[in-house]
$ cat model_24.csv   # CSV, C-alpha atoms
chain,number,residue,atom,x,y,z
I,639,MET,CA,-7.9,44.2,-20.4
I,640,LEU,CA,-10.2,41.2,-20.0
I,641,ASN,CA,-7.2,39.1,-19.2
I,642,ALA,CA,-6.2,41.5,-16.4
I,643,ILE,CA,-9.7,41.5,-14.9
I,644,ILE,CA,-10.0,37.7,-14.9
I,645,TYR,CA,-6.4,37.3,-13.5
I,646,LEU,CA,-7.1,39.8,-10.7
I,647,ALA,CA,-10.4,38.1,-9.9
I,648,ALA,CA,-8.7,34.7,-9.8
I,649,LEU,CA,-6.0,36.0,-7.5
I,650,GLY,CA,-8.5,37.7,-5.2
I,651,ALA,CA,-10.6,34.5,-5.1
I,652,PHE,CA,-7.5,32.5,-4.3
I,653,TYR,CA,-6.6,34.8,-1.4
I,654,ALA,CA,-10.2,34.7,-0.1
I,655,LEU,CA,-10.2,30.9,-0.2
I,656,VAL,CA,-6.9,30.6,1.6
I,657,TYR,CA,-8.0,33.2,4.2
I,658,TYR,CA,-11.3,31.3,4.7
I,659,LEU,CA,-9.6,27.9,5.1
I,660,ASN,CA,-7.0,29.3,7.5
I,661,HIS,CA,-9.7,30.9,9.7
I,662,ARG,CA,-11.7,27.7,9.7
I,663,THR,CA,-8.8,25.5,10.8
I,664,PRO,CA,-8.7,25.3,14.5
I,665,ARG,CA,-5.5,26.3,16.3
I,666,PRO,CA,-3.4,23.6,17.9
I,667,GLU,CA,-3.7,22.9,21.6
I,668,GLY,CA,-2.0,25.6,23.7
I,669,CYS,CA,-2.1,28.2,21.0
I,670,GLU,CA,-5.7,29.3,21.4
I,671,GLU,CA,-4.8,32.8,22.8
I,672,ILE,CA,-1.7,33.4,20.7
I,673,ASP,CA,-3.1,36.7,19.3
I,674,ALA,CA,-4.1,38.0,22.7
I,675,THR,CA,-0.6,37.6,24.1
I,676,CYS,CA,1.1,39.6,21.4
I,677,GLY,CA,2.7,42.6,23.0
I,678,THR,CA,5.7,42.9,20.8
I,679,CYS,CA,5.0,46.5,19.8
I,680,SER,CA,2.7,49.3,20.9
I,681,LEU,CA,0.7,49.8,17.7
I,682,GLY,CA,-2.8,49.8,19.2
I,683,HIS,CA,-4.5,49.8,15.8
I,684,CYS,CA,-2.8,46.5,14.7
I,685,GLY,CA,-5.3,43.7,14.3
I,686,ASN,CA,-3.1,41.4,16.5
I,687,HIS,CA,-2.8,43.9,19.4
I,688,PRO,CA,-4.7,42.7,22.5
I,689,SER,CA,-6.9,45.9,22.5
I,690,GLN,CA,-8.3,44.8,19.1
I,691,GLN,CA,-9.3,41.3,20.2
I,692,PHE,CA,-12.7,40.1,21.3
I,693,THR,CA,-14.4,41.5,24.4
I,694,GLU,CA,-13.9,38.2,26.3
I,695,VAL,CA,-10.2,38.2,25.7
I,696,LYS,CA,-10.1,41.9,26.8
I,697,LEU,CA,-11.9,41.0,30.0
I,698,THR,CA,-9.5,38.0,30.6
I,699,LEU,CA,-6.5,40.4,30.1
I,700,LYS,CA,-8.1,42.9,32.5
I,701,GLU,CA,-8.6,40.2,35.1
I,702,LYS,CA,-5.0,39.1,34.6
I,703,ASN,CA,-3.7,42.7,35.0
I,704,ASN,CA,-5.8,43.2,38.1
I,705,ALA,CA,-4.6,40.0,39.6
J,1299,MET,CA,32.3,33.9,-6.8
J,1300,GLU,CA,29.6,36.1,-8.3
J,1301,LEU,CA,27.0,34.3,-6.2
J,1302,PHE,CA,29.1,34.6,-3.1
J,1303,SER,CA,29.4,38.4,-3.8
J,1304,LEU,CA,25.7,38.6,-4.2
J,1305,PHE,CA,25.1,36.7,-0.9
J,1306,PHE,CA,27.7,38.6,1.1
J,1307,GLY,CA,26.6,41.9,-0.4
J,1308,ALA,CA,22.9,41.3,0.5
J,1309,VAL,CA,23.7,40.2,4.0
J,1310,VAL,CA,26.3,42.9,5.0
J,1311,ILE,CA,27.0,45.6,2.5
J,1312,ASN,CA,23.5,46.3,1.1
J,1313,ASN,CA,21.6,45.2,4.2
J,1314,VAL,CA,17.9,45.9,3.6
J,1315,VAL,CA,17.4,47.3,7.1
J,1316,LEU,CA,20.5,49.5,7.5
J,1317,THR,CA,21.0,50.7,3.9
J,1318,LYS,CA,17.4,50.8,2.6
J,1319,PHE,CA,15.7,51.5,5.9
J,1320,LEU,CA,13.1,48.9,5.2
J,1321,GLY,CA,11.5,46.8,8.0
J,1322,MET,CA,12.1,49.5,10.7
J,1323,CYS,CA,8.8,48.7,12.4
J,1324,PRO,CA,9.6,45.1,13.3
J,1325,LEU,CA,13.2,46.1,14.0
J,1326,LEU,CA,12.0,48.5,16.8
J,1327,GLY,CA,9.0,46.4,17.8
J,1328,VAL,CA,10.5,42.9,18.1
J,1329,SER,CA,14.0,43.7,19.3
J,1330,ARG,CA,13.3,44.0,23.0
J,1331,LYS,CA,14.1,40.3,23.6
J,1332,THR,CA,16.6,38.1,21.9
J,1333,SER,CA,14.2,35.2,21.8
J,1334,SER,CA,11.6,37.3,20.0
J,1335,ALA,CA,14.2,38.6,17.5
J,1336,ILE,CA,15.3,35.1,16.6
J,1337,GLY,CA,11.7,33.9,16.2
J,1338,MET,CA,10.8,36.8,14.0
J,1339,GLY,CA,14.0,36.5,12.0
J,1340,ALA,CA,13.4,32.8,11.3
J,1341,ALA,CA,9.8,33.5,10.2
J,1342,VAL,CA,11.0,36.3,7.9
J,1343,VAL,CA,13.6,34.0,6.3
J,1344,PHE,CA,11.0,31.3,5.7
J,1345,VAL,CA,8.3,33.6,4.3
J,1346,ILE,CA,10.6,35.7,2.1
J,1347,PHE,CA,12.2,32.6,0.5
J,1348,GLY,CA,8.9,31.0,-0.1
J,1349,SER,CA,7.1,34.0,-1.5
J,1350,SER,CA,10.1,35.0,-3.7
J,1351,VAL,CA,10.1,31.6,-5.4
J,1352,PHE,CA,6.4,31.7,-5.9
J,1353,THR,CA,6.2,35.3,-7.2
J,1354,TYR,CA,9.2,34.7,-9.5
J,1355,ALA,CA,7.5,31.7,-11.1
J,1356,LEU,CA,4.2,33.6,-11.3
J,1357,TYR,CA,5.8,36.6,-13.0
J,1358,TYR,CA,7.7,34.7,-15.7
J,1359,GLN,CA,5.1,31.9,-16.2
J,1360,VAL,CA,1.9,33.9,-16.1
J,1361,LEU,CA,2.4,37.7,-16.1
J,1362,VAL,CA,4.9,37.8,-19.0
J,1363,PRO,CA,3.1,35.4,-21.3
J,1364,LEU,CA,-0.2,37.3,-20.7
J,1365,ASN,CA,1.6,40.7,-21.1
J,1366,LEU,CA,0.5,41.8,-17.7
J,1367,GLN,CA,3.8,42.9,-16.2
J,1368,TYR,CA,2.3,46.2,-15.0
J,1369,MET,CA,0.3,44.2,-12.5
J,1370,ASP,CA,3.3,42.9,-10.6
J,1371,LEU,CA,2.8,45.1,-7.5
J,1372,ILE,CA,-0.8,44.1,-6.8
J,1373,THR,CA,0.0,40.5,-7.7
J,1374,PHE,CA,2.9,40.3,-5.3
J,1375,ILE,CA,1.0,41.9,-2.4
J,1376,LEU,CA,-1.8,39.4,-2.8
J,1377,VAL,CA,0.6,36.5,-3.2
J,1378,ILE,CA,2.5,37.4,-0.1
J,1379,ALA,CA,-0.7,37.8,1.9
J,1380,ALA,CA,-2.0,34.5,0.6
J,1381,PHE,CA,1.3,32.7,1.2
J,1382,VAL,CA,1.4,33.8,4.8
J,1383,GLN,CA,-2.2,32.6,5.3
J,1384,PHE,CA,-1.3,29.3,3.6
J,1385,VAL,CA,1.8,28.7,5.7
J,1386,GLU,CA,-0.2,29.5,8.8
J,1387,LEU,CA,-2.8,27.0,7.8
J,1388,VAL,CA,-0.3,24.2,7.0
J,1389,LEU,CA,1.6,24.8,10.3
J,1390,LYS,CA,-1.6,24.7,12.3
J,1391,LYS,CA,-2.6,21.5,10.7
J,1392,TYR,CA,0.7,19.6,10.4
J,1393,SER,CA,3.3,21.2,12.7
J,1394,PRO,CA,1.8,22.6,15.9
J,1395,VAL,CA,5.3,22.8,17.4
J,1396,LEU,CA,6.6,25.1,14.7
J,1397,TYR,CA,3.3,27.1,14.8
J,1398,LYS,CA,3.8,27.7,18.5
J,1399,ALA,CA,7.4,28.7,18.0
J,1400,LEU,CA,6.7,31.2,15.3
J,1401,GLY,CA,3.6,32.3,17.2
J,1402,ILE,CA,2.3,35.8,16.5
J,1403,TYR,CA,5.3,36.6,14.2
J,1404,LEU,CA,3.9,34.7,11.2
J,1405,PRO,CA,0.8,36.9,10.6
J,1406,LEU,CA,2.8,40.0,11.4
J,1407,ILE,CA,5.1,39.4,8.5
J,1408,THR,CA,2.4,40.2,6.0
J,1409,THR,CA,3.0,43.9,6.8
J,1410,ASN,CA,6.8,43.7,6.6
J,1411,CYS,CA,7.9,45.7,3.6
J,1412,VAL,CA,11.1,43.8,3.2
J,1413,VAL,CA,9.1,40.9,1.8
J,1414,LEU,CA,7.6,43.0,-0.9
J,1415,TYR,CA,11.0,44.7,-1.6
J,1416,VAL,CA,12.8,41.4,-2.1
J,1417,THR,CA,10.2,40.0,-4.5
J,1418,LEU,CA,10.1,43.2,-6.6
J,1419,PHE,CA,13.9,43.5,-6.5
J,1420,ASN,CA,14.3,39.9,-7.9
J,1421,ILE,CA,12.3,41.0,-11.0
J,1422,THR,CA,13.7,44.5,-11.5
J,1423,GLU,CA,17.3,43.3,-11.4
J,1424,GLY,CA,16.5,40.5,-13.9
J,1425,PHE,CA,18.0,37.8,-11.7
J,1426,THR,CA,18.3,34.3,-13.0
J,1427,PHE,CA,16.6,31.5,-10.9
J,1428,VAL,CA,19.8,30.7,-9.0
J,1429,GLU,CA,20.6,34.3,-8.3
J,1430,MET,CA,17.0,34.8,-7.1
J,1431,ILE,CA,17.4,31.9,-4.7
J,1432,VAL,CA,20.6,33.2,-3.3
J,1433,TYR,CA,19.3,36.8,-2.9
J,1434,SER,CA,16.0,35.6,-1.4
J,1435,LEU,CA,18.0,33.7,1.3
J,1436,ALA,CA,20.7,36.4,1.8
J,1437,ALA,CA,18.4,39.5,2.3
J,1438,PRO,CA,16.3,37.9,5.1
J,1439,ILE,CA,19.4,36.5,6.7
J,1440,GLY,CA,20.8,40.0,6.8
J,1441,PHE,CA,17.6,41.2,8.3
J,1442,MET,CA,17.8,38.4,10.9
J,1443,LEU,CA,21.4,39.3,11.7
J,1444,VAL,CA,20.7,42.9,12.3
J,1445,LEU,CA,17.6,42.1,14.3
J,1446,TYR,CA,19.6,39.7,16.5
J,1447,ILE,CA,22.5,42.2,17.1
J,1448,PHE,CA,20.1,45.0,17.7
J,1449,SER,CA,18.2,42.9,20.3
J,1450,THR,CA,21.3,42.0,22.2
J,1451,ILE,CA,22.3,45.7,22.3
J,1452,ARG,CA,18.8,46.7,23.5
J,1453,GLU,CA,18.8,44.1,26.2
J,1454,ARG,CA,22.0,45.6,27.6
J,1455,LEU,CA,20.6,49.1,27.2
J,1456,ASP,CA,17.7,48.1,29.5
J,1457,LEU,CA,20.3,47.7,32.2
J,1458,ALA,CA,22.3,50.8,31.3
J,1459,ASP,CA,21.9,54.2,32.9
J,1460,VAL,CA,20.3,56.0,30.0
J,1461,PRO,CA,19.1,59.6,30.5
J,1462,ALA,CA,15.3,59.8,30.8
J,1463,ALA,CA,14.9,61.7,27.6
J,1464,PHE,CA,16.7,59.0,25.6
J,1465,LYS,CA,15.0,56.0,27.1
J,1466,GLY,CA,13.1,53.6,24.8
J,1467,ASN,CA,12.9,54.4,21.1
J,1468,PRO,CA,15.2,57.5,21.0
J,1469,ILE,CA,18.2,55.5,22.2
J,1470,ALA,CA,17.2,52.6,20.0
J,1471,LEU,CA,17.2,54.8,16.9
J,1472,ILE,CA,20.6,56.2,17.8
J,1473,VAL,CA,21.9,52.6,18.1
J,1474,ALA,CA,20.3,51.8,14.7
J,1475,ALA,CA,22.1,54.9,13.2
J,1476,LEU,CA,25.4,53.8,14.6
J,1477,MET,CA,24.9,50.2,13.3
J,1478,ALA,CA,24.1,51.7,9.8
J,1479,ALA,CA,27.3,53.6,9.9
J,1480,VAL,CA,29.2,50.5,10.9
J,1481,PHE,CA,27.6,48.4,8.1
J,1482,THR,CA,28.2,51.0,5.4
J,1483,SER,CA,31.9,50.9,6.2
J,1484,PHE,CA,31.9,47.5,4.5
J,1485,VAL,CA,31.2,49.2,1.1
J,1486,GLY,CA,34.1,48.5,-1.2
J,1487,LEU,CA,35.0,45.2,0.5
J,1488,ILE,CA,33.9,43.2,-2.5
$ encode --input "model_24.csv" --output "structure tokens"
Amino acid sequence: MLNAIIYLAALGAFYALVYYLNHRTPRPEGCEEIDATCGTCSLGHCGNHPSQQFTEVKLTLKEKNNA
Amino acid sequence: MELFSLFFGAVVINNVVLTKFLGMCPLLGVSRKTSSAIGMGAAVVFVIFGSSVFTYALYYQVLVPLNLQYMDLITFILVIAAFVQFVELVLKKYSPVLYKALGIYLPLITTNCVVLYVTLFNITEGFTFVEMIVYSLAAPIGFMLVLYIFSTIRERLDLADVPAAFKGNPIALIVAALMAAVFTSFVGLI
């Protein structure tokens, strides 16, 4: 039982570390708005859907649509 | 010959999309354009192969010695999610061109159930290391093949005179059903 808890905690910590490092790494030039341009499917609740992005990105998209 | 049968069977006869109906969400969502389908397919091949090797090693080198085989599902979910994050990190840092090419498809793969299916199937079937390598390449190649064929059909459907009630996903699902019927006709070939 203790083995399982330690193992799971280690795995969770590994995921958290990789997640943190990934989000801390800046995106390469030209890929800054890669999430905002995802329109592959119409699932609005997906974290990558433009509607779930930050307000600034939403405003940019609105401006683009209006233009 | 056995390895070839395994490869051909996973690509065509037991195709994960058309016989198990896994990965239907990306099939419908990313098949509108051929370029998107190829991008998604390539990313899926890469992630499934990498995560399969990693989970296979983890299962036999860590879970089995610790007698924690019952934790395979949660382990594989976490490993796949972590692997996708790791690959994204490495690509961002060392290969911006590939990162740009895979684009949004890389993080989307975390939610593709084919990845989890392949990693679990490798264990439940008791594959050897070589068999695991072959199957982990064949299953996503089959996914990519179906995605590509489906996208070419959908691009033509956009130009076709489809009745209003069938436009969009309804006609796409009918096409998927016809493709499943075609692919199941290969049963018995090997």
$ interface_residues --input "model_24.csv" --of "chain J" --to "chain I" --cutoff "7 Å" --atoms "all atoms listed in the file" --output "PyMOL selection string"
chain J and resi 1327-1328+1366+1376+1380+1383-1384+1386-1387+1390+1394+1398+1401-1402
$ atom_distance --input "model_24.csv" --atom1 "CA of Ile1469 (chain J)" --atom2 "CA of Glu1453 (chain J)"
12.1 Å
$ residues_around --input "model_24.csv" --residues "Ser1329 (chain J)" --least-positions-apart "4" --cutoff "6 Å" --atoms "only C-alpha atoms" --output "PDB file with C-alpha atoms, in the coordinates of the input"
ATOM      1  CA  LEU J1325      13.200  46.100  14.000  1.00  0.00           C
ATOM      2  CA  ALA J1335      14.200  38.600  17.500  1.00  0.00           C
ATOM      3  CA  SER J1449      18.200  42.900  20.300  1.00  0.00           C
TER       4      SER J1449
END
$ closest_residue --input "model_24.csv" --among "J:Val1432, J:Val1385, J:Thr1317, J:Val1377" --to "Tyr1397 (chain J)" --atoms "only C-alpha atoms"
J:Val1385
$ closest_residue --input "model_24.csv" --among "J:Val1309, J:Cys1323, J:Ala1470, J:Leu1455" --to "Leu1435 (chain J)" --atoms "all atoms listed in the file"
J:Val1309
$ residues_around --input "model_24.csv" --residues "Val1473 (chain J)" --least-positions-apart "3" --cutoff "9 Å" --atoms "all atoms listed in the file" --output "PDB file with C-alpha atoms, in the coordinates of the input"
ATOM      1  CA  PHE J1448      20.100  45.000  17.700  1.00  0.00           C
ATOM      2  CA  ILE J1451      22.300  45.700  22.300  1.00  0.00           C
ATOM      3  CA  ARG J1452      18.800  46.700  23.500  1.00  0.00           C
ATOM      4  CA  PRO J1468      15.200  57.500  21.000  1.00  0.00           C
ATOM      5  CA  ILE J1469      18.200  55.500  22.200  1.00  0.00           C
ATOM      6  CA  ALA J1470      17.200  52.600  20.000  1.00  0.00           C
ATOM      7  CA  LEU J1476      25.400  53.800  14.600  1.00  0.00           C
ATOM      8  CA  MET J1477      24.900  50.200  13.300  1.00  0.00           C
ATOM      9  CA  ALA J1478      24.100  51.700   9.800  1.00  0.00           C
TER      10      ALA J1478
END
$ closest_residue --input "model_24.csv" --among "J:Leu1457, J:Leu1364, J:Ala1475, J:Ala1436" --to "Ile644 (chain I)" --atoms "all atoms listed in the file"
J:Leu1364
